[in-house]
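One file, final_12.cif, carrying mmCIF, C-alpha atoms:
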```cif
data_query
loop_
_atom_site.label_atom_id
_atom_site.label_comp_id
_atom_site.auth_asym_id
_atom_site.auth_seq_id
_atom_site.Cartn_x
_atom_site.Cartn_y
_atom_site.Cartn_z
CA PRO A 1 -3.55 -1.75 -11.29
CA THR A 2 -6.75 -2.52 -9.39
CA PHE A 3 -10.45 -3.07 -10.01
CA ASN A 4 -12.98 -3.51 -7.19
CA ARG A 5 -10.49 -5.02 -4.72
CA LYS A 6 -10.25 -2.41 -1.97
CA ARG A 7 -9.52 -4.91 0.84
CA MET A 8 -6.82 -6.75 -1.08
CA LEU A 9 -5.49 -3.47 -2.45
CA THR A 10 -4.69 -2.23 1.05
CA GLU A 11 -2.71 -5.41 1.77
CA ALA A 12 -0.85 -5.12 -1.54
CA CYS A 13 0.02 -1.47 -0.95
CA LEU A 14 1.25 -2.18 2.57
CA SER A 15 3.57 -4.85 1.17
CA VAL A 16 5.15 -2.07 -0.91
CA ILE A 17 5.15 0.57 1.82
CA ASN A 18 6.89 -1.87 4.22
CA GLN A 19 9.76 -2.64 1.83
CA THR A 20 13.24 -2.39 3.33
CA PHE A 21 14.24 -0.41 0.22
CA LYS A 22 12.53 2.98 0.51
CA ASN A 23 13.46 4.95 -2.61
CA PHE A 24 10.32 4.05 -4.55
CA GLU A 25 7.12 5.64 -5.76
CA LEU A 26 3.86 3.73 -5.45
CA ILE A 27 1.45 4.36 -8.33
CA ILE A 28 -2.08 3.01 -7.96
CA VAL A 29 -4.15 2.88 -11.15
CA ASP A 30 -7.84 2.42 -10.40
CA ASP A 31 -9.36 0.73 -13.45
CA GLY A 32 -12.91 2.03 -12.96
CA SER A 33 -13.63 0.57 -9.49
CA GLU A 34 -17.09 1.07 -8.01
CA ASP A 35 -16.48 -0.32 -4.50
CA GLY A 36 -15.03 2.69 -2.71
CA THR A 37 -11.45 2.06 -3.78
CA ASP A 38 -10.94 5.84 -4.01
CA LYS A 39 -11.70 6.27 -0.29
CA THR A 40 -9.34 3.43 0.59
CA VAL A 41 -6.51 5.02 -1.39
CA GLU A 42 -7.25 8.42 0.15
CA LYS A 43 -6.80 6.89 3.63
CA LEU A 44 -3.51 5.28 2.62
CA ILE A 45 -2.18 8.57 1.25
CA ASN A 46 -3.19 10.42 4.42
CA ILE A 47 -1.68 7.83 6.77
CA TYR A 48 1.58 7.31 4.87
CA LYS A 49 2.43 10.91 4.08
CA ASN A 50 6.16 10.15 3.97
CA CYS A 51 5.67 7.75 1.04
CA LYS A 52 5.36 8.97 -2.51
CA ILE A 53 1.94 7.56 -3.43
CA SER A 54 0.11 8.58 -6.60
CA TYR A 55 -3.46 7.74 -7.56
CA ILE A 56 -4.75 7.53 -11.13
CA PRO A 57 -8.52 6.97 -11.31
CA LEU A 58 -9.80 5.83 -14.71
CA ASN A 59 -13.35 6.59 -15.80
CA SER A 60 -14.08 3.07 -17.01
CA ASN A 61 -12.80 -0.50 -16.80
CA TYR A 62 -10.20 -0.73 -19.58
CA GLY A 63 -8.31 -3.83 -18.47
CA PRO A 64 -4.89 -4.49 -16.91
CA ALA A 65 -2.81 -3.64 -20.00
CA PHE A 66 -4.25 -0.13 -20.22
CA ALA A 67 -3.95 0.39 -16.45
CA ARG A 68 -0.34 -0.79 -16.22
CA ASN A 69 0.66 1.38 -19.17
CA ARG A 70 -0.86 4.50 -17.60
CA GLY A 71 1.08 3.81 -14.41
CA ALA A 72 4.31 3.23 -16.32
CA GLU A 73 3.87 6.52 -18.19
CA LYS A 74 3.63 8.40 -14.90
CA ALA A 75 6.62 6.63 -13.31
CA CYS A 76 9.72 8.77 -12.68
CA GLY A 77 12.12 6.00 -11.71
CA GLU A 78 14.75 4.16 -13.70
CA TYR A 79 13.04 0.81 -13.08
CA LEU A 80 9.45 -0.39 -13.20
CA ALA A 81 8.14 -3.12 -10.90
CA PHE A 82 4.55 -4.32 -11.22
CA LEU A 83 2.26 -5.65 -8.50
CA ASP A 84 -1.24 -7.01 -9.11
CA SER A 85 -3.65 -5.94 -6.39
CA ASP A 86 -4.30 -9.52 -5.20
CA ASP A 87 -0.58 -10.30 -4.80
CA LEU A 88 1.99 -9.32 -2.17
CA TRP A 89 5.69 -8.51 -2.10
CA LEU A 90 7.90 -9.88 0.68
CA LYS A 91 9.70 -7.07 2.49
CA ASN A 92 13.14 -7.51 0.83
CA LYS A 93 11.77 -7.88 -2.69
CA LEU A 94 12.85 -4.50 -4.07
CA LYS A 95 16.23 -4.42 -2.32
CA LEU A 96 17.32 -7.91 -3.34
CA GLN A 97 16.06 -7.59 -6.89
CA LEU A 98 17.57 -4.16 -7.45
CA ASP A 99 20.93 -5.41 -6.14
CA PHE A 100 20.62 -8.41 -8.48
CA MET A 101 19.87 -6.17 -11.46
CA GLU A 102 22.57 -3.57 -10.83
CA LYS A 103 25.32 -6.00 -9.85
CA ASN A 104 24.88 -7.92 -13.11
CA ASN A 105 23.77 -5.02 -15.32
CA PHE A 106 20.52 -6.84 -16.15
CA LEU A 107 17.69 -5.12 -18.00
CA ILE A 108 14.80 -7.33 -16.87
CA SER A 109 14.38 -9.96 -14.20
CA GLN A 110 11.76 -11.83 -12.22
CA THR A 111 11.76 -13.72 -8.93
CA ASN A 112 10.34 -16.97 -7.67
CA GLU A 113 7.04 -16.91 -5.81
CA ILE A 114 4.90 -18.55 -3.17
CA TRP A 115 1.48 -19.71 -4.36
CA ILE A 116 -1.52 -19.31 -2.09
CA ARG A 117 -4.88 -20.69 -3.27
CA ASN A 118 -7.95 -20.02 -1.13
CA GLY A 119 -5.72 -19.30 1.85
CA LYS A 120 -3.59 -22.45 1.57
CA ARG A 121 -0.07 -22.81 0.20
CA VAL A 122 0.17 -25.01 -2.87
CA ASN A 123 3.12 -26.21 -4.93
CA PRO A 124 3.34 -25.15 -8.59
CA MET A 125 3.53 -27.91 -11.18
CA ASN A 126 6.84 -28.63 -12.91
CA LYS A 127 5.69 -26.79 -16.03
CA HIS A 128 5.51 -23.60 -13.95
CA LYS A 129 9.16 -23.77 -12.89
CA LYS A 130 10.63 -20.45 -13.95
CA PRO A 131 13.33 -20.48 -16.63
CA THR A 132 16.13 -17.93 -16.90
CA GLY A 133 18.16 -16.29 -19.65
CA TYR A 134 17.02 -16.45 -23.25
CA ILE A 135 13.62 -18.04 -22.67
CA PHE A 136 11.77 -17.32 -25.92
CA ASP A 137 10.96 -20.99 -26.51
CA LYS A 138 9.51 -21.30 -22.98
CA CYS A 139 7.50 -18.09 -23.37
CA LEU A 140 5.85 -19.51 -26.49
CA GLU A 141 4.44 -22.46 -24.57
CA LEU A 142 2.88 -20.58 -21.67
CA CYS A 143 3.23 -17.36 -19.70
CA CYS A 144 6.25 -18.21 -17.58
CA VAL A 145 6.87 -14.70 -16.27
CA SER A 146 4.77 -13.39 -13.37
CA PRO A 147 4.00 -9.65 -13.68
CA SER A 148 4.10 -9.14 -9.90
CA SER A 149 7.67 -10.46 -9.80
CA VAL A 150 9.09 -8.40 -12.67
CA MET A 151 11.58 -5.57 -12.49
CA ILE A 152 12.48 -3.95 -15.80
CA LYS A 153 14.41 -0.92 -16.97
CA LYS A 154 11.77 1.62 -17.95
CA GLU A 155 13.46 2.30 -21.27
CA ILE A 156 13.16 -1.38 -22.24
CA PHE A 157 9.46 -1.43 -21.35
CA PHE A 158 8.81 1.50 -23.67
CA GLU A 159 11.11 0.11 -26.36
CA PHE A 160 8.39 -2.53 -26.77
CA ASN A 161 5.52 -0.02 -26.35
CA GLY A 162 4.43 -1.65 -23.11
CA PHE A 163 1.46 -3.98 -22.85
CA ASP A 164 -0.72 -4.32 -25.94
CA GLU A 165 -3.96 -2.63 -24.88
CA SER A 166 -6.02 -4.57 -27.43
CA PHE A 167 -5.44 -7.67 -25.24
CA LEU A 168 -7.97 -7.74 -22.39
CA ALA A 169 -6.20 -10.86 -21.10
CA CYS A 170 -2.90 -12.61 -21.96
CA GLU A 171 -1.35 -9.16 -22.27
CA ASP A 172 1.51 -10.41 -20.10
CA TYR A 173 2.06 -13.49 -22.29
CA ASP A 174 2.26 -11.16 -25.30
CA LEU A 175 4.74 -8.67 -23.82
CA TRP A 176 7.14 -11.21 -22.34
CA LEU A 177 7.07 -13.11 -25.64
CA ARG A 178 8.10 -9.99 -27.55
CA ILE A 179 10.78 -9.03 -25.04
CA SER A 180 12.20 -12.57 -24.77
CA LEU A 181 12.75 -12.58 -28.52
CA VAL A 182 15.39 -9.87 -28.02
CA TYR A 183 16.56 -9.86 -24.39
CA PRO A 184 17.31 -12.46 -21.71
CA ILE A 185 14.90 -12.48 -18.76
CA HIS A 186 16.88 -13.40 -15.67
CA LEU A 187 15.61 -15.23 -12.61
CA LEU A 188 16.44 -14.30 -9.04
CA SER A 189 15.72 -17.71 -7.54
CA LYS A 190 14.29 -16.52 -4.23
CA ASN A 191 10.63 -16.52 -3.22
CA LEU A 192 10.01 -12.78 -3.04
CA ILE A 193 6.32 -12.51 -3.88
CA ILE A 194 3.11 -14.16 -2.74
CA LYS A 195 0.86 -14.92 -5.68
CA ARG A 196 -2.69 -15.32 -4.43
CA GLY A 197 -5.66 -16.98 -6.09
CA GLY A 198 -9.20 -17.64 -4.95
CA ASP A 199 -12.84 -17.24 -5.74
CA TRP A 200 -12.62 -13.51 -6.45
CA GLU A 201 -12.87 -12.30 -10.02
CA HIS A 202 -9.75 -12.48 -12.17
CA GLN A 203 -9.47 -10.84 -15.56
CA SER A 204 -8.50 -14.18 -17.14
CA LYS A 205 -11.72 -15.72 -15.83
CA LYS A 206 -13.79 -13.01 -17.49
CA ILE A 207 -12.27 -13.63 -20.94
CA PRO A 208 -13.13 -17.04 -22.39
CA HIS A 209 -10.84 -19.27 -24.47
CA LEU A 210 -7.47 -17.66 -23.79
CA ASP A 211 -5.73 -19.72 -26.49
CA ARG A 212 -7.45 -17.44 -29.01
CA LEU A 213 -5.43 -14.51 -27.64
CA ARG A 214 -2.19 -16.47 -27.54
CA VAL A 215 -2.73 -17.40 -31.19
CA GLU A 216 -3.21 -13.71 -31.97
CA SER A 217 0.00 -12.85 -30.14
CA ILE A 218 2.08 -15.41 -32.06
CA LEU A 219 0.53 -14.28 -35.36
CA ASN A 220 1.53 -10.68 -34.57
CA LEU A 221 5.04 -11.87 -33.78
CA LEU A 222 5.36 -13.74 -37.09
CA LYS A 223 3.99 -10.82 -39.11
CA ASN A 224 5.71 -7.89 -37.43
CA HIS A 225 9.08 -9.06 -36.07
CA ASN A 226 12.31 -10.29 -37.59
CA LEU A 227 12.74 -13.88 -36.46
CA SER A 228 15.63 -16.19 -37.13
CA GLU A 229 14.85 -19.43 -38.90
CA ARG A 230 14.93 -21.30 -35.59
CA GLU A 231 12.70 -18.75 -33.86
CA ARG A 232 10.23 -18.81 -36.72
CA ASP A 233 10.11 -22.62 -36.68
CA LEU A 234 9.43 -22.60 -32.93
CA ALA A 235 6.75 -19.93 -33.28
CA VAL A 236 4.99 -21.71 -36.15
CA LYS A 237 5.04 -25.03 -34.29
CA GLU A 238 3.42 -23.47 -31.22
CA LEU A 239 0.98 -21.49 -33.37
CA LEU A 240 -0.25 -24.65 -35.07
CA LYS A 241 -0.54 -26.44 -31.73
CA LYS A 242 -2.59 -23.70 -30.08
CA THR A 243 -4.69 -23.10 -33.21
CA SER A 244 -5.57 -26.79 -33.47
CA ILE A 245 -6.64 -26.89 -29.83
CA TYR A 246 -8.80 -23.80 -30.21
CA LEU A 247 -10.24 -25.02 -33.51
CA THR A 248 -11.25 -28.33 -31.94
CA GLY A 249 -13.06 -26.40 -29.23
CA LEU A 250 -14.86 -24.21 -31.77
CA ILE A 251 -16.15 -27.25 -33.62
CA LYS A 252 -17.32 -28.92 -30.40
CA ARG A 253 -19.16 -25.76 -29.35
CA GLY A 254 -20.73 -25.33 -32.78
CA LYS A 255 -19.03 -21.94 -33.35
CA LEU A 256 -18.85 -22.56 -37.07
CA ALA A 257 -18.65 -18.88 -38.01
CA GLU A 258 -15.09 -18.75 -36.63
CA VAL A 259 -13.90 -22.10 -37.96
CA ASP A 260 -12.82 -20.84 -41.40
CA LYS A 261 -10.47 -18.25 -39.90
CA TYR A 262 -8.53 -20.82 -37.88
CA GLN A 263 -8.55 -23.42 -40.61
CA GLU A 264 -6.95 -20.79 -42.84
CA ILE A 265 -4.20 -20.21 -40.25
CA ILE A 266 -3.41 -23.93 -40.25
CA LYS A 267 -3.45 -23.98 -44.04
CA THR A 268 -1.14 -20.94 -44.29
CA TYR A 269 1.45 -21.97 -41.70
CA GLY A 270 1.11 -25.73 -41.85
CA THR A 271 2.75 -26.16 -45.24
#
```
Can you present the structure in this file as structure tokens?
Amino acid sequence: PTFNRKRMLTEACLSVINQTFKNFELIIVDDGSEDGTDKTVEKLINIYKNCKISYIPLNSNYGPAFARNRGAEKACGEYLAFLDSDDLWLKNKLKLQLDFMEKNNFLISQTNEIWIRNGKRVNPMNKHKKPTGYIFDKCLELCCVSPSSVMIKKEIFFEFNGFDESFLACEDYDLWLRISLVYPIHLLSKNLIIKRGGDWEHQSKKIPHLDRLRVESILNLLKNHNLSERERDLAVKELLKKTSIYLTGLIKRGKLAEVDKYQEIIKTYGT
């Protein structure tokens, strides 16, 4: 998925094209770009004729959930692997991860990553250390799965109806939370992606107060999924924590019209 990132998109696509594993299709979903992304993709397709590259231009900016889902629907392969257009894969990423998945008969996995911020390598905090296995409790706290590092059986992705397109941000938090309730998410503990950040526009920066969306995700989980007593207790605890934080912010900002809704959540689940 990409939106107005033609320079970074070229670098991201080349990190796929240069993989040591070659039996892939590269699907680029252009989420309404207005910066000449279409011409950039056209050049890539013309230069790398031996690669299977598909281009899906969307007529508006719908957000990453919508874009990723459209790409997944077009995919022909047995596995899906996502790559945000500001990130990069190291050249052995697909080979090592596919071997890891098939050797162990895993359905979904992620890898470790290198963080680059404004051109400099930085070390993630301890809270960002990636867990492995049944990680539902960790997924409640924060998004601990990086989309650009994921490989997942396509059938599992569609078992959960993909990313929730009503989420313009935190769509990854929501999907991994739903999947981790049912399946283990395994970690290949090698740095196989470069996760880049900087002063360019990120979707999460455009959407204010992300805890509001995480609250919505946990509410959906409690209302629409069968949780064990332990899972429900964990979900309610995290729901109350995130709701209280967001509610405090609403009161400080004078957003009194929303206060009743979140006070009612605390009243309903806090007893």
Residues picked by the PyMOL selection byres ((chain A and resi 64) around 9) here, as a list in words?
-> Pro1, Thr2, Phe3, Asp31, Asn61, Tyr62, Gly63, Ala65, Phe66, Ala67, Arg68, Asn69, Asp84, Phe163, Glu165, Phe167, Leu168, Ala169, Glu171 and Gln203 of chain A
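Atom to atom, CA of Gly77 in chain A and CA of Thr10 in chain A stand 22.7 Å apart.
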Can you turn the PyMOL selection byres ((chain A and resi 4) around 9) into a concrete residue list for this file, as JSON, numbers by chain?
-> {"A": [2, 3, 5, 6, 7, 9, 30, 31, 32, 33, 34, 35, 36, 37]}
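Comparing the minimum interatomic distances between Leu107 in chain A and each of A:Lys93, A:His186, A:Lys22, A:Lys127, counting all atoms listed in the file, we find that A:His186 sits nearest.
For the residues A:Cys143, A:Met8, A:Ile194, A:Leu90, ranking by smallest atom-to-atom distance to Asp172 in chain A using all atoms listed in the file places A:Cys143 first.
Interatomic distance, CA of Phe106 in chain A to CA of Leu140 in chain A: 22.0 Å.
Going from CA of Asn104 in chain A over to CA of Met151 in chain A, you cover 13.5 Å.
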For the structure provided, state which residues fall under the PyMOL selection byres ((chain A and resi 147) around 7), and present them as a short mmCIF file (atom, residue, chain, number, x, y, z; two decimals) with C-alpha atoms, in the frame of the given file.
```cif
data_model
loop_
_atom_site.label_atom_id
_atom_site.label_comp_id
_atom_site.auth_asym_id
_atom_site.auth_seq_id
_atom_site.Cartn_x
_atom_site.Cartn_y
_atom_site.Cartn_z
CA PHE A 82 4.55 -4.32 -11.22
CA LEU A 83 2.26 -5.65 -8.50
CA VAL A 145 6.87 -14.70 -16.27
CA SER A 146 4.77 -13.39 -13.37
CA SER A 148 4.10 -9.14 -9.90
CA SER A 149 7.67 -10.46 -9.80
CA VAL A 150 9.09 -8.40 -12.67
CA ASP A 172 1.51 -10.41 -20.10
#
```
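Checking A:Lys120, A:His209, A:Lys91, A:Arg214 one by one against Asp174 in chain A, counting only C-alpha atoms, you find the shortest gap at A:Arg214.
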